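What follows is one structure encoded as structure tokens, with my remarks underneath.
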Amino acid sequence: SPGLERRLRTPAHFARAVGETVTVRLDAGTDDVRRVTGTLTAADETGCTLSGPEVPDGGEMRVAYDRIERARTVFEWGPAARNAKSGKVTRQ
């Protein structure tokens with residue numbers, strides 16, 4: 001099992017992760033930006049598109065697969081569930 005934070009290697013992996021938060025490490029010689037974390041909004045056979053507040057270039061960035069050194073999904077913990085009657089946090 002690849003676990004919660006899955007490595008993305010092929011265009012099919014990226015296509016399945018559309019809508020998820022991902023972190024991408026780019027090749028050292030490509031840009032000033034080395035790591036990008038954002039929501040994967042699109043993926044095709046040549047590259048993917050990331051968007052979000054941490055993404056440079058106006059919050060959206062297109063990245064070709066040949067520029068990606070490593071990529072993986074990011075697991076985000078949700079808020080704790082609340083008990084409706086007492087208002088206390090319940091652990092599951």
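Chain labels A, B, ... are given in the sequence in which chains occur in the structure tokens; within each chain residues are numbered consecutively from 1, and ligands are likewise numbered from 1 in the order shown.
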
Practice task
Identify, with DSSP run on backbone atoms, the residues in chain A assigned to strand (DSSP E or B), and express the list as an MDAnalysis selection string.
Solution key: chainID A and resid 7 21:26 35:43 47:51 60:64 68:73 82 89

Handout entry: Backbone DSSP call of alpha helix (DSSP H) for chain A, listed as number ranges by chain
Key = A: 11-16

Handout entry: Contacts of stretch 16-27 of chain A at 6 Å (only C-alpha atoms; same-chain gap of 3+ positions) as a ChimeraX atom specification
Key = /A:13,30,34-42,67-74
